[in-house]
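Novice: Input file: model.tsv. Contents: TSV, C-alpha atoms.
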```tsv
chain	number	residue	atom	x	y	z
A	170	MET	CA	-28.93	70.02	-110.93
A	171	LYS	CA	-32.42	69.63	-109.52
A	172	PHE	CA	-33.66	66.22	-108.44
A	173	GLN	CA	-37.26	65.23	-108.00
A	174	MET	CA	-38.32	64.77	-104.42
A	175	PRO	CA	-39.73	61.38	-103.39
A	176	LYS	CA	-43.50	61.18	-103.60
A	177	ALA	CA	-45.33	61.09	-100.31
A	178	VAL	CA	-46.50	57.61	-99.42
A	179	THR	CA	-50.14	57.31	-98.42
A	180	ILE	CA	-52.08	54.48	-96.88
A	181	MET	CA	-54.93	54.94	-99.35
A	182	ALA	CA	-52.54	54.48	-102.28
A	183	ARG	CA	-52.53	50.80	-101.32
A	184	THR	CA	-56.26	50.17	-101.75
A	185	SER	CA	-55.67	48.57	-105.15
A	186	SER	CA	-53.25	46.13	-103.50
A	187	ILE	CA	-55.94	45.25	-100.95
A	188	THR	CA	-58.53	44.84	-103.72
A	189	ASN	CA	-56.20	42.57	-105.68
A	190	ALA	CA	-55.48	40.52	-102.55
A	191	PHE	CA	-59.18	40.09	-101.79
A	192	TYR	CA	-59.97	38.83	-105.28
A	193	ASN	CA	-56.72	37.02	-106.06
A	194	GLY	CA	-57.03	35.36	-102.66
A	195	ILE	CA	-60.20	33.54	-103.71
A	196	ILE	CA	-59.16	32.59	-107.23
A	197	PRO	CA	-57.98	28.99	-107.40
A	198	VAL	CA	-54.75	27.85	-108.99
A	199	ILE	CA	-55.16	24.61	-110.91
A	200	GLU	CA	-51.74	23.03	-111.42
A	201	PRO	CA	-51.28	21.88	-115.02
A	202	THR	CA	-50.04	18.42	-115.89
A	203	ASP	CA	-46.77	18.00	-117.77
A	204	ARG	CA	-48.83	17.02	-120.80
A	205	GLU	CA	-50.92	20.23	-120.61
A	206	ILE	CA	-47.76	22.33	-120.37
A	207	SER	CA	-46.21	20.47	-123.29
A	208	ASN	CA	-49.35	21.01	-125.37
A	209	ALA	CA	-49.47	24.74	-124.53
A	210	LEU	CA	-45.81	25.21	-125.45
A	211	SER	CA	-46.33	23.26	-128.67
A	212	ILE	CA	-49.23	25.47	-129.76
A	213	LEU	CA	-47.16	28.57	-128.90
A	214	ASP	CA	-44.24	27.02	-130.86
A	215	ILE	CA	-41.92	27.29	-127.84
A	216	ASP	CA	-39.15	24.75	-127.23
A	217	GLN	CA	-39.76	22.85	-123.98
A	218	ASN	CA	-36.00	22.75	-123.34
A	219	ASN	CA	-35.64	26.50	-123.82
A	220	VAL	CA	-38.87	28.13	-122.63
A	221	THR	CA	-39.06	31.73	-123.77
A	222	CYS	CA	-41.52	34.57	-123.26
A	223	CYS	CA	-44.35	34.25	-125.78
A	224	TYR	CA	-44.50	38.05	-126.03
A	225	CYS	CA	-40.86	38.99	-126.65
A	226	GLY	CA	-38.77	35.82	-126.93
A	227	GLU	CA	-36.50	36.44	-123.93
A	228	PRO	CA	-36.04	33.61	-121.39
A	229	ALA	CA	-39.31	32.98	-119.55
A	230	THR	CA	-39.22	33.39	-115.77
A	231	GLU	CA	-42.91	33.05	-114.91
A	232	TRP	CA	-46.42	32.42	-116.18
A	233	ASP	CA	-48.65	35.33	-117.16
A	234	HIS	CA	-52.44	35.42	-117.12
A	235	LEU	CA	-53.33	35.84	-120.77
A	236	ARG	CA	-56.76	37.06	-119.67
A	237	PRO	CA	-56.56	39.30	-116.58
A	238	LEU	CA	-58.01	38.09	-113.28
A	239	ILE	CA	-59.04	41.57	-112.12
A	240	ILE	CA	-60.10	44.64	-114.08
A	241	ASN	CA	-61.46	47.85	-112.55
A	242	LYS	CA	-61.32	46.38	-109.04
A	243	GLU	CA	-63.61	43.50	-110.04
A	244	PRO	CA	-62.85	39.85	-110.78
A	245	THR	CA	-63.12	38.97	-114.46
A	246	GLY	CA	-64.04	35.38	-113.63
A	247	TYR	CA	-60.91	33.86	-115.15
A	248	ILE	CA	-58.71	31.75	-112.90
A	249	SER	CA	-55.11	30.54	-112.76
A	250	GLU	CA	-55.07	27.47	-115.01
A	251	ILE	CA	-53.14	26.46	-118.11
A	252	ALA	CA	-55.81	27.66	-120.56
A	253	ASN	CA	-55.28	31.16	-119.16
A	254	LEU	CA	-51.49	31.08	-118.75
A	255	VAL	CA	-48.57	31.73	-121.08
A	256	PRO	CA	-44.81	31.68	-120.42
A	257	CYS	CA	-43.50	35.17	-119.89
A	258	CYS	CA	-40.47	37.18	-118.81
A	259	GLY	CA	-40.61	39.54	-115.84
A	260	LYS	CA	-40.31	42.66	-118.02
A	261	CYS	CA	-43.36	41.77	-120.09
A	262	ASN	CA	-45.41	40.60	-117.11
A	263	GLN	CA	-44.76	43.83	-115.18
A	264	SER	CA	-45.40	46.01	-118.22
A	265	LYS	CA	-48.59	44.20	-119.24
A	266	GLY	CA	-50.17	44.14	-115.79
A	267	ASN	CA	-53.90	43.52	-116.13
A	268	LYS	CA	-54.22	44.90	-119.65
A	269	ASN	CA	-55.60	42.99	-122.62
A	270	TRP	CA	-52.56	41.27	-124.10
A	271	GLU	CA	-53.25	42.27	-127.69
A	272	ASP	CA	-53.80	45.95	-126.87
A	273	TRP	CA	-50.67	45.97	-124.70
A	274	ILE	CA	-48.32	44.11	-127.04
A	275	ASN	CA	-48.92	46.73	-129.76
A	276	SER	CA	-48.89	49.70	-127.37
A	277	SER	CA	-46.23	52.24	-126.52
A	278	ALA	CA	-46.27	51.12	-122.87
A	279	LYS	CA	-42.89	51.07	-121.19
A	280	LEU	CA	-41.21	47.71	-121.93
A	281	SER	CA	-43.96	46.49	-124.27
A	282	PRO	CA	-42.64	44.34	-127.13
A	283	LYS	CA	-43.49	47.09	-129.63
A	284	THR	CA	-41.60	49.66	-127.56
A	285	ARG	CA	-38.62	47.29	-127.32
A	286	ASN	CA	-38.73	46.69	-131.10
A	287	VAL	CA	-39.12	42.93	-130.71
A	288	LYS	CA	-38.41	41.11	-133.95
A	289	ASN	CA	-41.12	39.00	-135.60
A	290	LEU	CA	-43.81	40.56	-133.42
A	291	SER	CA	-46.60	39.77	-135.89
A	292	GLU	CA	-45.57	36.09	-135.80
A	293	LYS	CA	-45.65	36.08	-131.99
A	294	ILE	CA	-49.10	37.68	-132.04
A	295	ALA	CA	-50.36	35.05	-134.51
A	296	LYS	CA	-49.07	32.24	-132.24
A	297	ILE	CA	-50.72	33.74	-129.16
A	298	LYS	CA	-54.00	34.14	-131.06
A	299	ALA	CA	-53.78	30.48	-132.13
A	300	TYR	CA	-53.20	29.47	-128.52
A	301	GLU	CA	-56.06	31.65	-127.32
A	302	LYS	CA	-58.42	30.07	-129.88
A	303	SER	CA	-57.29	26.56	-128.95
A	304	THR	CA	-58.08	26.95	-125.26
A	305	ASN	CA	-61.32	26.91	-123.37
A	306	PRO	CA	-60.50	28.75	-120.15
A	307	ILE	CA	-62.59	28.41	-117.03
A	308	LYS	CA	-64.63	31.55	-116.43
A	309	ILE	CA	-66.73	31.98	-113.32
A	310	ASP	CA	-69.66	34.22	-114.13
A	311	ASN	CA	-70.99	34.45	-110.60
A	312	PHE	CA	-68.86	33.68	-107.54
A	313	GLU	CA	-71.86	34.11	-105.25
A	314	SER	CA	-73.74	31.29	-106.97
A	315	ILE	CA	-70.87	28.91	-106.17
A	316	VAL	CA	-70.10	29.90	-102.58
A	317	GLY	CA	-73.54	31.07	-101.47
A	318	LYS	CA	-74.84	34.54	-100.74
A	319	PRO	CA	-73.95	34.67	-96.99
A	320	LEU	CA	-70.29	33.74	-97.51
A	321	TRP	CA	-69.89	36.02	-100.52
A	322	GLU	CA	-71.49	38.96	-98.68
A	323	LYS	CA	-69.22	38.31	-95.68
A	324	HIS	CA	-66.18	38.45	-97.97
A	325	LEU	CA	-67.33	41.76	-99.50
A	326	GLU	CA	-68.15	43.20	-96.07
A	327	ASN	CA	-64.66	42.27	-94.81
A	328	TYR	CA	-63.20	44.10	-97.79
A	329	LYS	CA	-65.31	47.21	-97.12
A	330	GLU	CA	-64.31	47.19	-93.45
A	331	ILE	CA	-60.63	47.15	-94.34
A	332	ILE	CA	-61.02	50.04	-96.80
A	333	THR	CA	-62.96	52.03	-94.19
A	334	LEU	CA	-60.26	51.36	-91.61
A	335	MET	CA	-57.60	52.42	-94.12
A	336	LYS	CA	-59.44	55.75	-94.56
A	337	LYS	CA	-59.41	56.28	-90.80
A	338	CYS	CA	-55.74	55.36	-90.66
A	339	GLN	CA	-55.00	57.82	-93.47
A	340	LYS	CA	-56.56	60.67	-91.48
A	341	THR	CA	-54.49	59.78	-88.44
A	342	SER	CA	-51.37	59.40	-90.56
A	343	ASP	CA	-51.93	62.81	-92.19
A	344	GLU	CA	-52.36	64.38	-88.77
A	345	ILE	CA	-49.12	62.81	-87.50
A	346	LYS	CA	-47.22	63.83	-90.63
A	347	GLU	CA	-48.40	67.44	-90.32
A	348	LYS	CA	-47.33	67.62	-86.67
A	349	ILE	CA	-43.89	66.22	-87.50
A	350	LYS	CA	-43.52	68.62	-90.43
A	351	ASN	CA	-44.54	71.58	-88.25
A	352	HIS	CA	-42.07	70.48	-85.56
A	353	PHE	CA	-39.21	71.11	-87.99
A	354	LYS	CA	-40.57	74.47	-89.15
A	355	GLN	CA	-40.04	76.00	-85.70
```
Would you put the structure from the file into C-alpha cells?

Specialist:
Amino acid sequence: MKFQMPKAVTIMARTSSITNAFYNGIIPVIEPTDREISNALSILDIDQNNVTCCYCGEPATEWDHLRPLIINKEPTGYISEIANLVPCCGKCNQSKGNKNWEDWINSSAKLSPKTRNVKNLSEKIAKIKAYEKSTNPIKIDNFESIVGKPLWEKHLENYKEIITLMKKCQKTSDEIKEKIKNHFKQ
C-alpha cells in the first residue's frame, strides 16, 4: 500500500492568513441585542430554544457571515453584525468559507448541503433569501474615507512589509531545508 507523503509546509502558503488577519482585524463586531437575534431567528423560521444551522438544519455552533468579509484578498465592506450573520454549524461554515452562500449551498463542494443531501433544501434557501431581503447590512464602501488616508496607507504599508519579510523568510527557510535534506543524502 502506498501512502501520500505530507505536503511541504511553506511560509508563503500563509499569506492568505495574514491578509485575512489584516482585514478581519479592522472589521468591527457589533453585538446584536436579544431582540435582534430573536427577529433574525424568526425570519429564518428557527426555534430560539433549538437553534439550528440555517443551511443544513444540524445544531448551530456559530454565526456565519452571510455575505463574506473578504474576497480575493480585499475587504468586501461588510462587517460582523446581525444583518450579515446567520446561525450555522461548523461543517457548513468551514465548507462555505468566503463563497457566496447561494452558489455554495447548491454546489458540489465537500460538506455543502447539496452534497450532504440535506432535506428540504429549497425551503431553507427560500428562508435565507427572505432573511437576506429583510436585512439592510452595513457596507463600508471606502475604509480610507472613514479613517483618513495617512492611517489607511500606514495599515497597507504594514501589510506589504510583512509579506515582503515573509518572502525573505521563505528564501532562508528553503536554504535551510535544502542543507538539512543534503545532510541526510551523504

Novice: Under the rule that all atoms listed in the file are counted, which of A:His352, A:Lys323, A:Lys279, A:Lys171 is the nearest residue to Cys261 of chain A?

Specialist: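 Among the listed residues, A:Lys279 lies closest to Cys261 of chain A.
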
Novice: Would you mind telling me which residue in A:Leu325, A:Val255, A:Leu280, A:Ile239 lies nearest to Ser211 of chain A when using only C-alpha atoms?

Specialist: A:Val255

Novice: Kindly extract all protein, DNA and RNA residues lying within 12 Å of the coordinates (-46.0, 24.9, -131.4) given in the file, considering all atoms listed in the file, and supply them as a PyMOL selection string.

Specialist: chain A and resi 206-217+220+223+293+295-297+299-300+303

Novice: From the set A:Leu320, A:Leu290, A:Ala252, A:Cys222, which residue has the shortest atom-to-atom contact distance to Leu235 of chain A, counting only C-alpha atoms?

Specialist: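 Using only C-alpha atoms, the shortest distance to Leu235 of chain A belongs to A:Ala252.
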
Novice: Might I get the box with edges along x, y and z of the file that holds all atoms of segment 265-279 of chain A listed there, padded by 4 Å on every side, given as centre and edge lengths in Å to one decimal, as JSON?

Specialist:
```
{"center_x": -49.2, "center_y": 46.8, "center_z": -122.8, "size_x": 20.7, "size_y": 19.0, "size_z": 22.0}
```

Novice: Using all atoms listed in the file, find the one residue out of A:Ile307, A:Ile345, A:Ile199, A:Cys225 that sits nearest to Asn289 of chain A.

Specialist: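 Result for the nearest residue to Asn289 of chain A: A:Cys225.
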
Novice: For Asn189 of chain A, which residue out of A:Ala177, A:Ile251, A:Gly259, A:Thr245 is the nearest one, using only C-alpha atoms?

Specialist: A:Thr245

Novice: What's the 10 Å shell around Tyr224 of chain A, counting only C-alpha atoms, without same-chain residues fewer than 3 positions away, as a list in words?

Specialist: Thr221, Glu227, Ala229, Val255, Pro256, Cys257, Cys258, Cys261, Asn262, Trp270, Glu271, Ile274, Ser281, Pro282, Lys283, Val287, Leu290, Lys293, Ile294, Lys296 and Ile297 of chain A

Novice: May I have the selected residues written with C-alpha atoms, as a CSV table (one decimal), in the coordinates of the input?

Specialist:
```csv
chain,number,residue,atom,x,y,z
A,221,THR,CA,-39.1,31.7,-123.8
A,227,GLU,CA,-36.5,36.4,-123.9
A,229,ALA,CA,-39.3,33.0,-119.6
A,255,VAL,CA,-48.6,31.7,-121.1
A,256,PRO,CA,-44.8,31.7,-120.4
A,257,CYS,CA,-43.5,35.2,-119.9
A,258,CYS,CA,-40.5,37.2,-118.8
A,261,CYS,CA,-43.4,41.8,-120.1
A,262,ASN,CA,-45.4,40.6,-117.1
A,270,TRP,CA,-52.6,41.3,-124.1
A,271,GLU,CA,-53.2,42.3,-127.7
A,274,ILE,CA,-48.3,44.1,-127.0
A,281,SER,CA,-44.0,46.5,-124.3
A,282,PRO,CA,-42.6,44.3,-127.1
A,283,LYS,CA,-43.5,47.1,-129.6
A,287,VAL,CA,-39.1,42.9,-130.7
A,290,LEU,CA,-43.8,40.6,-133.4
A,293,LYS,CA,-45.6,36.1,-132.0
A,294,ILE,CA,-49.1,37.7,-132.0
A,296,LYS,CA,-49.1,32.2,-132.2
A,297,ILE,CA,-50.7,33.7,-129.2
```

Novice: Identify the residues around (-49.9, 41.5, -116.3) within a radius of 9 Å, measuring from all atoms listed in the file in the coordinates stated by the file, and give them as a list of chain:residue names.

Specialist: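 With a cut-off of 9 Å, the residues come to A:Asp233, A:His234, A:Leu235, A:Arg236, A:Pro237, A:Cys261, A:Asn262, A:Gln263, A:Ser264, A:Lys265, A:Gly266, A:Asn267, A:Lys268, A:Asn269, A:Trp270.
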
Novice: Report the distance between atom CA of Ala278 of chain A and atom CA of Gly194 of chain A in Å, rounded to one decimal place.

Specialist: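 Rounded to one decimal, the two atoms are 27.8 Å apart.
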
Novice: Which residues are close to Tyr328 of chain A, i.e. within 10 Å by only C-alpha atoms, leaving aside same-chain residues fewer than 6 positions away? Reply as a compact mmCIF listing (two decimals) with C-alpha atoms, in the coordinates of the input.

Specialist:
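Output file result_31.txt follows:
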```
# COMPACT_ATOMS: atom_id res chain seq x y z
CA ILE A 187 -55.94 45.25 -100.95
CA THR A 188 -58.53 44.84 -103.72
CA ALA A 190 -55.48 40.52 -102.55
CA PHE A 191 -59.18 40.09 -101.79
CA TYR A 192 -59.97 38.83 -105.28
CA GLU A 322 -71.49 38.96 -98.68
CA LEU A 334 -60.26 51.36 -91.61
```

Novice: What gap, in Å, lies between atom CA of Trp232 of chain A and atom CA of Pro201 of chain A?

Specialist: 11.7 Å

Novice: Rank nothing, just name the residue among A:Lys302, A:Arg204, A:Lys308, A:Lys260 nearest to Pro244 of chain A, using all atoms listed in the file.

Specialist: A:Lys308

Novice: Find the distance between atom CA of Lys336 of chain A and atom CA of Lys350 of chain A and write it in Å to one decimal.

Specialist: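 Distance reported for this atom pair: 20.9 Å.
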
Novice: Which residues come within 8 Å of segment 181-184 of chain A, counting only C-alpha atoms, excluding same-chain residues fewer than 5 positions away, as a list of chain:residue names?

Specialist: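 Near segment 181-184 of chain A, the qualifying residues are A:Ile332, A:Met335, A:Lys336, A:Gln339.
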